[in-house]
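Read the structure below first, then the notes.
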Amino acid sequence: MTAPLATPRSVKDLRLGETGTICCLNDPEMALKLLEMGCIPGTRVKLSGRAPLGCPITLHVDGEYTLSLRVSEAATIMLKD
Amino acid sequence: MARAAVIDKPQPLGPDVTTGSAAGRHTRIALIGNPNSGKSSLFNQLTGLNQKVGNFPGVTVDRKTGSAQLTPQHRADIIDLPGTYSLYPKSLDEKVITDLLYDRGADGYPDFVVVTADASNLKRNLLLFTQLADLQLPMVLALNMMDTAAQHGIQIDVEELQRQLGVPIIPMNARKGVGVTALKIVMAQELGPPTATFYQPSEQLLPMIRQIRYYFNLHNDYLALHYAHQGDRLRFLSADDRAYLSELREKYQFDSISLQAQETIDRYARISELLLDVVRVTRAEQNESTSNRLDRVLTHKIWGYLIFLWVLFMLFQAIFSWAAYPMDLIDQGVAWLGAQVKLLGEGPLIDLLSDGIIAGLGGVLMFIPQIALLFAFIAVLEESGYMARVTFMMDKIMRKFGLNGKSVVPLISGMACAVPAIMSTRTIENWKDRIITIFVVPLMSCSARIPVYTVLVALVVPDEKVLGVFNLQGVVLMGLYLLGFVSAVLSAWALKSILKAKERSFFIMEFPVYRWPRWKNVGLTIVEKVKAFVFQAGKVIVAISVLLWVLASYGPGDALDQAEQQARTEATRQQLTPAQTENLIASHKLENSYAGVFGRSIEPAVRPLGFDWKVSIALLTSFAAREVFVGTMSTIYSVGQDADMSTVQEKLRAEKDENGQPFFTPARAASLLVFYVFAMQCVSTLATTYRETKGWTWPLLQLVYMSGLAYVLSFVTYQLLK
């Protein structure tokens with residue numbers, strides 16, 4: 001039986017209050033927007049809030065500022081394990 | 001191109017400029033910075049009430065300019081550019097920045113730029129700064145929100161930062177006006193281009209960059225690189241220029257997206273390294289929790305929506321109740337003025353002045369209290385950071401209907417006036433979401449419908465209480481608003497499945513921390529919006545009022561004289577009193593005026609809806625602006641009715657049909673109300689949609705769709721209630 005390490009996690013999979021480190025952005029067009037807003041590989045992000053209906057979410061970036069983005073957008077931000 | 005010299009070798013920009021060949025020319029300064037970096041506050045501090053709002057050429061993005069007195073001898077023209085995170089535009093708003101800064105021949109090309117940066121969030125704010133610095137634009141950095149940074153425990157060594165960045169830096173707090181004087185002094189001085197560079201395009205790109213520099217005669221490598229990236233989107237380039245750039249991209253296998261991504265990553269690396277010596281954080285994440293605690297309540301799944309509902313309720317109260325007092329005053333003032341003018345004498349000119357122009361002006365001024373209150377609300381919600389929470393809470397719901405969390409603001413604004421509301425859709429980057437929002441905004445009941453609603457509702461709905469507490473008229477009014485809202489949402493939902501998306505929908509935005517609104521900013525927003533209404537929509541309303549007066553006072557050939565003769569004969573035969581005779585003459589005259597001819601010609605089309613030719617006239621004039629309805633009715637009836645009946649309502653109530661029964665039955669009033677909920681009757685809105693969508697397709701669709709809906713639903717209403 002193989003170990004279940006196949007699926008890499010994205011920001012979408014963070015639990016409320018959990019912090020992760022960005023590994024890469026897997027959607028080139030979206031990446032340009034994310035990069036200029038500070039989501040650089042290596043940056044630490046914390047899932048700081050969820051809208052009442054589950055989407056969008058808020059992301060605290062680098063301990064400095066908060067972004068609001070949709071779950072589908074968050075899914076393009078991959079995390080280091 | 002005299003201005004080119006400023007970039008190549010800086011020249012004195014100070015007061016001495018006025019003594020040179022460019023006598024009297026003001027220094028031109030552009031304000032640029034990230035969204036939420038306090039740029040607007042700074043612009044307001046620098047220019048105060050000396051602001052003008054115009055448009056950038058070719059696009060409809062607001063171009064806010066103003067003038068500032070830097071020193072007693074030195075004035076400067078300041079342009080407030082849209083907030084942006086980088087020089088690679090992601091929206092129409094951001095595109096105007098590159099169109100201005102990349103074209104030295106541009107009208108209004110700045111002599112230097114003031115870059116605003118949020119000190120509490122320096123790393124991200126410096127991205128844009130380093131791009132501007134690499135363009136070698138002379139600049140000064142306004143390091144804003146020093147107080148917030150201090151609260152976050154962020155200490156910045158400004159002197160070291162100044163050394164690293166190679167430009168003058170002014171630490172400031174624009175919201176409170178701290179540092180503005182120091183900034184003005186620096187702005188009045190001669191500024192050279194920055195001494196540091198932050199990013200070098202890679203070796204492989206240099207041959208291409210050289211070719212572009214040579215071809216376009218550019219002074220700078222980084223600018224040439226941007227020509228390669230953005231050639232197709234720069235407005236000022238000709239088709240040949242674009243073709244040339246696209247050829248070069250092909251030849252050098254220029255991969256714009258990955259190069260941009262790499263550039264941003266490299267810049268962040270450089271900035272992080274540079275900030276190591278500059279920024280010390282002693283106490284982190286303190287302030288975040290205050291905002292977070294508030295968010296726990298304000299975006300709570302129950303409390304959040306209840307509070308939002310309460311905010312909307314207050315907004316309604318403001319527009320309906322609070323605004324009523326100043327509106328009454330304006331109404332009385334205008335009536336008094338009209339009466340004073342009539343005392344001056346008699347004649348067509350006096351009539352034109354009092355019944356045409358002054359009455360029309362009254363129609364414009366009446367709306368100022370509502371518009372001022374609405375934008376006061378919106379400005380406070382925006383300034384405080386609450387609007388971002390509204391977007392956050394509403395996005396998922398709005399998306400179901402093809403809208404966007406950002407559509408909430410335009411839809412709410414649409415309740416005041418569709419014109420600014422449609423203009424405010426510019427914040428929606430996605431084309432499809434934006435078009436849908438623009439399309440349905442006019443279905444929201446705007447303030448111009450209020451006079452129509454109130455007059456007709458008061459006419460047929462009794463002023464009594466339901467369930468002991470609610471005013472029945474108020475309930476009906478609320479129902480009309482809901483009808484508009486529901487139809488807007490359903491129309492959006494229908495459009496969602498018809499329209500094909502042109503691009504991906506981005507939602508990502510900065511989530512600002514809560515702040516106390518600055519009243520100066522709120523006040524300036526109100527002034528700006530009221531000015532826009534008075535000078536844009538106001539012109540149309542006054543013009544239509546005058547036109548209407550002419551239509552109702554003159555007729556084809558000698559039709560009016562004949563009508564008078566005929567009325568006199570009839571009056572003599574029926575032995576009427578002089579007063580009754582005058583009425584008869586007036587009503588005969590109106591029937592035979594151009595307006596009467598007009599109304600009669602369309603009467604057959606609107607008879608199934610329960611309307612007669614008098615209402616038809618009002619429907620036609622309403623196509624210029626809905627509020628004209630009340631003015632038209634009063635004009636029609638004041639010409640044709642007893643002079644001592646003062647309000648329109650009484651005139652309408654006194655109107656009889658051919659059988660001597662009251663004309664405005666509940667069925668007729670309901671049909672008319674439904675018509676006003678749906679019909680596209682606003683030239684200003686159509687003109688705005690034309691400007692915003694750059695074509696006649698959408699405004700025409702709006703006109704046909706909404707008017708068709710109005711006709712059908714009014715027909716159904718009248719036939720069911722009759």
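Going by the structure tokens order, chains are called A, B, ..., each with residues numbered from 1, while ligands are numbered from 1 in the order shown.
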
Problem - Filtered DSSP result for chain A, state alpha helix (DSSP H), as JSON, numbers by chain - result: {"A": [28, 29, 30, 31, 32, 33, 34, 35, 36, 71, 72, 73, 74]}

Keeping C-alpha atoms, export the residues of the selection given above as a compact mmCIF listing (two decimals), in the first residue's frame.
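Output file again_38.txt follows:
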# COMPACT_ATOMS: atom_id res chain seq x y z
CA PRO A 28 -0.12 31.44 -14.77
CA GLU A 29 -2.65 34.21 -15.41
CA MET A 30 -3.99 34.24 -11.87
CA ALA A 31 -0.41 34.06 -10.63
CA LEU A 32 0.43 37.49 -12.04
CA LYS A 33 -2.30 39.05 -9.95
CA LEU A 34 -1.43 37.01 -6.85
CA LEU A 35 2.27 37.79 -7.16
CA GLU A 36 1.83 41.52 -7.35
CA VAL A 71 -12.03 29.51 -2.82
CA SER A 72 -11.44 28.78 -6.51
CA GLU A 73 -8.66 31.36 -6.48
CA ALA A 74 -7.21 30.02 -3.25

Problem - Polymer residues at most 9 Å from region 431-445 of chain B, only C-alpha atoms, same-chain spacing of 5 or more positions, as JSON, numbers by chain - result: {"B": [399, 402, 403, 404, 407, 410, 411, 412, 413, 414, 415, 416, 417, 418, 419, 421, 422, 423, 425, 426, 450, 480, 481, 482, 483, 484, 485, 486, 487, 488, 489, 491, 492, 493, 495, 496, 499, 500, 501, 502, 503, 504, 505, 676, 677, 678, 679, 680, 682, 685, 689, 692, 693, 698, 699, 701, 702, 706]}

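Near Ile79 (chain B), within a cut-off of 7 Å and counting only C-alpha atoms, sit the residues Ile29, Ala30, Leu31, Lys64, Thr65, Gly66, Asp77 and Leu81 of chain B, with same-chain residues fewer than 2 positions away left out.
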
Output C-alpha atoms for every residue in the selection just made, as a PDB file, in the first residue's frame.
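Output file result.pdb follows:
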ATOM      1  CA  ILE B  29       2.564  66.220 -10.687  1.00  0.00           C
ATOM      2  CA  ALA B  30       0.996  62.752 -10.764  1.00  0.00           C
ATOM      3  CA  LEU B  31      -0.069  60.955  -7.584  1.00  0.00           C
ATOM      4  CA  LYS B  64      -9.321  63.722 -10.947  1.00  0.00           C
ATOM      5  CA  THR B  65      -7.184  66.800 -11.153  1.00  0.00           C
ATOM      6  CA  GLY B  66      -6.646  69.673  -8.797  1.00  0.00           C
ATOM      7  CA  ASP B  77      -1.394  70.874 -11.131  1.00  0.00           C
ATOM      8  CA  LEU B  81      -4.116  58.336 -10.832  1.00  0.00           C
TER       9      LEU B  81
END

Handout entry: Best match for closeness to chain A among B:Ile358, B:Val390, B:Leu374, B:Leu42, counting only C-alpha atoms
Key = B:Val390

Exercise for the section: Record the distance separating CA of Thr148 (chain B) and CA of Tyr268 (chain B), expressed in Å with one decimal. Expected result: 22.4 Å

At a cut-off of 9 Å, which residues of chain A touch chain B? Count only C-alpha atoms and give the answer as a compact mmCIF listing (two decimals) with N, CA and C atoms, in the first residue's frame.
# COMPACT_ATOMS: atom_id res chain seq x y z
N PRO A 28 -1.02 30.35 -14.38
CA PRO A 28 -0.12 31.44 -14.77
C PRO A 28 -0.79 32.82 -14.78
N GLU A 29 -2.01 32.90 -15.29
CA GLU A 29 -2.65 34.21 -15.41
C GLU A 29 -3.02 34.76 -14.03
N MET A 30 -3.62 33.89 -13.24
CA MET A 30 -3.99 34.24 -11.87
C MET A 30 -2.73 34.58 -11.07
N ALA A 31 -1.65 33.88 -11.38
CA ALA A 31 -0.41 34.06 -10.63
C ALA A 31 0.09 35.50 -10.72
N LEU A 32 -0.05 36.12 -11.90
CA LEU A 32 0.43 37.49 -12.04
C LEU A 32 -0.23 38.41 -11.03
N LYS A 33 -1.55 38.23 -10.89
CA LYS A 33 -2.30 39.05 -9.95
C LYS A 33 -1.88 38.73 -8.51
N LEU A 34 -1.80 37.43 -8.21
CA LEU A 34 -1.43 37.01 -6.85
C LEU A 34 -0.04 37.50 -6.48
N LEU A 35 0.89 37.40 -7.44
CA LEU A 35 2.27 37.79 -7.16
C LEU A 35 2.35 39.27 -6.82
N GLU A 36 1.69 40.08 -7.64
CA GLU A 36 1.83 41.52 -7.35
C GLU A 36 1.11 41.91 -6.08
N MET A 37 0.19 41.07 -5.62
CA MET A 37 -0.45 41.35 -4.34
C MET A 37 0.32 40.70 -3.19
N GLY A 38 1.45 40.15 -3.47
CA GLY A 38 2.35 39.72 -2.41
C GLY A 38 2.38 38.23 -2.12
N ILE A 40 4.05 35.60 -2.89
CA ILE A 40 5.29 35.13 -3.51
C ILE A 40 5.62 33.76 -2.92
N PRO A 41 6.12 32.83 -3.74
CA PRO A 41 6.55 31.56 -3.16
C PRO A 41 7.47 31.81 -1.97
N SER A 48 -7.44 33.43 7.73
CA SER A 48 -7.92 34.16 8.90
C SER A 48 -9.43 34.26 8.98
N GLY A 49 -10.12 33.98 7.89
CA GLY A 49 -11.57 34.06 7.98
C GLY A 49 -12.26 33.43 6.79
N ARG A 50 -13.51 33.12 6.99
CA ARG A 50 -14.33 32.53 5.95
C ARG A 50 -15.65 33.29 5.93
N ALA A 51 -16.17 33.60 4.73
CA ALA A 51 -17.47 34.27 4.66
C ALA A 51 -18.53 33.31 5.18
N PRO A 52 -19.64 33.85 5.66
CA PRO A 52 -20.68 32.99 6.26
C PRO A 52 -21.07 31.82 5.35
N LEU A 53 -21.02 32.00 4.03
CA LEU A 53 -21.44 30.92 3.15
C LEU A 53 -20.25 30.08 2.67
N GLY A 54 -19.10 30.25 3.32
CA GLY A 54 -17.95 29.41 3.01
C GLY A 54 -17.00 29.99 1.99
N CYS A 55 -17.46 30.94 1.23
CA CYS A 55 -16.65 31.55 0.19
C CYS A 55 -17.10 32.99 0.05
N PRO A 56 -16.26 33.97 -0.14
CA PRO A 56 -14.79 33.91 -0.19
C PRO A 56 -14.16 33.68 1.20
N ILE A 57 -12.81 33.70 1.19
CA ILE A 57 -12.07 33.55 2.43
C ILE A 57 -11.15 34.76 2.60
N THR A 58 -10.64 34.96 3.81
CA THR A 58 -9.61 35.99 3.97
C THR A 58 -8.31 35.33 4.36
N LEU A 59 -7.24 35.91 3.83
CA LEU A 59 -5.91 35.33 3.98
C LEU A 59 -4.99 36.40 4.55
N GLY A 63 1.98 38.13 7.83
CA GLY A 63 1.74 38.87 9.08
C GLY A 63 1.50 40.35 8.88
N GLU A 64 1.27 40.79 7.65
CA GLU A 64 1.18 42.23 7.40
C GLU A 64 -0.19 42.73 6.98
N TYR A 65 -0.82 42.05 6.05
CA TYR A 65 -2.09 42.57 5.55
C TYR A 65 -2.99 41.40 5.15
N THR A 66 -4.25 41.73 4.90
CA THR A 66 -5.23 40.68 4.63
C THR A 66 -5.77 40.80 3.21
N LEU A 67 -5.88 39.68 2.54
CA LEU A 67 -6.49 39.63 1.22
C LEU A 67 -7.80 38.86 1.32
N SER A 68 -8.73 39.22 0.43
CA SER A 68 -9.96 38.47 0.37
C SER A 68 -10.01 37.83 -1.01
N LEU A 69 -10.26 36.54 -1.07
CA LEU A 69 -10.28 35.86 -2.37
C LEU A 69 -11.24 34.69 -2.35
N ARG A 70 -11.65 34.28 -3.54
CA ARG A 70 -12.59 33.16 -3.64
C ARG A 70 -11.86 31.83 -3.43
N GLU A 73 -9.95 30.68 -6.32
CA GLU A 73 -8.66 31.36 -6.48
C GLU A 73 -7.64 30.82 -5.50

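Backbone DSSP of region 423-605 of chain B yields strand (DSSP E or B) at Lys465, Val466, Phe470, Asn471, Met509 and Glu510 of chain B.
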
Quick one: write out the picked residues with N, CA and C atoms as an mmCIF file, in the first residue's frame?
data_model
loop_
_atom_site.group_PDB
_atom_site.id
_atom_site.type_symbol
_atom_site.label_atom_id
_atom_site.label_comp_id
_atom_site.auth_asym_id
_atom_site.auth_seq_id
_atom_site.Cartn_x
_atom_site.Cartn_y
_atom_site.Cartn_z
ATOM 1 N N LYS B 465 -52.794 52.642 8.876
ATOM 2 C CA LYS B 465 -51.816 51.707 9.420
ATOM 3 C C LYS B 465 -52.219 50.254 9.144
ATOM 4 N N VAL B 466 -51.216 49.424 8.865
ATOM 5 C CA VAL B 466 -51.478 47.992 8.802
ATOM 6 C C VAL B 466 -50.756 47.340 9.965
ATOM 7 N N PHE B 470 -47.292 49.738 10.820
ATOM 8 C CA PHE B 470 -46.723 50.145 9.537
ATOM 9 C C PHE B 470 -47.688 51.019 8.749
ATOM 10 N N ASN B 471 -47.120 52.032 8.136
ATOM 11 C CA ASN B 471 -47.894 52.901 7.279
ATOM 12 C C ASN B 471 -48.113 52.194 5.945
ATOM 13 N N MET B 509 -8.991 40.795 -3.673
ATOM 14 C CA MET B 509 -8.800 42.211 -3.341
ATOM 15 C C MET B 509 -8.239 42.323 -1.932
ATOM 16 N N GLU B 510 -7.740 43.501 -1.638
ATOM 17 C CA GLU B 510 -7.216 43.719 -0.305
ATOM 18 C C GLU B 510 -8.381 43.895 0.667
#

Practice task
Kindly give the distance, in Å, that separates CA of Val113 (chain B) and CA of Ile97 (chain B), rounded to a single decimal.
Solution key: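 We find that CA of Val113 (chain B) and CA of Ile97 (chain B) lie 11.6 Å from each other.
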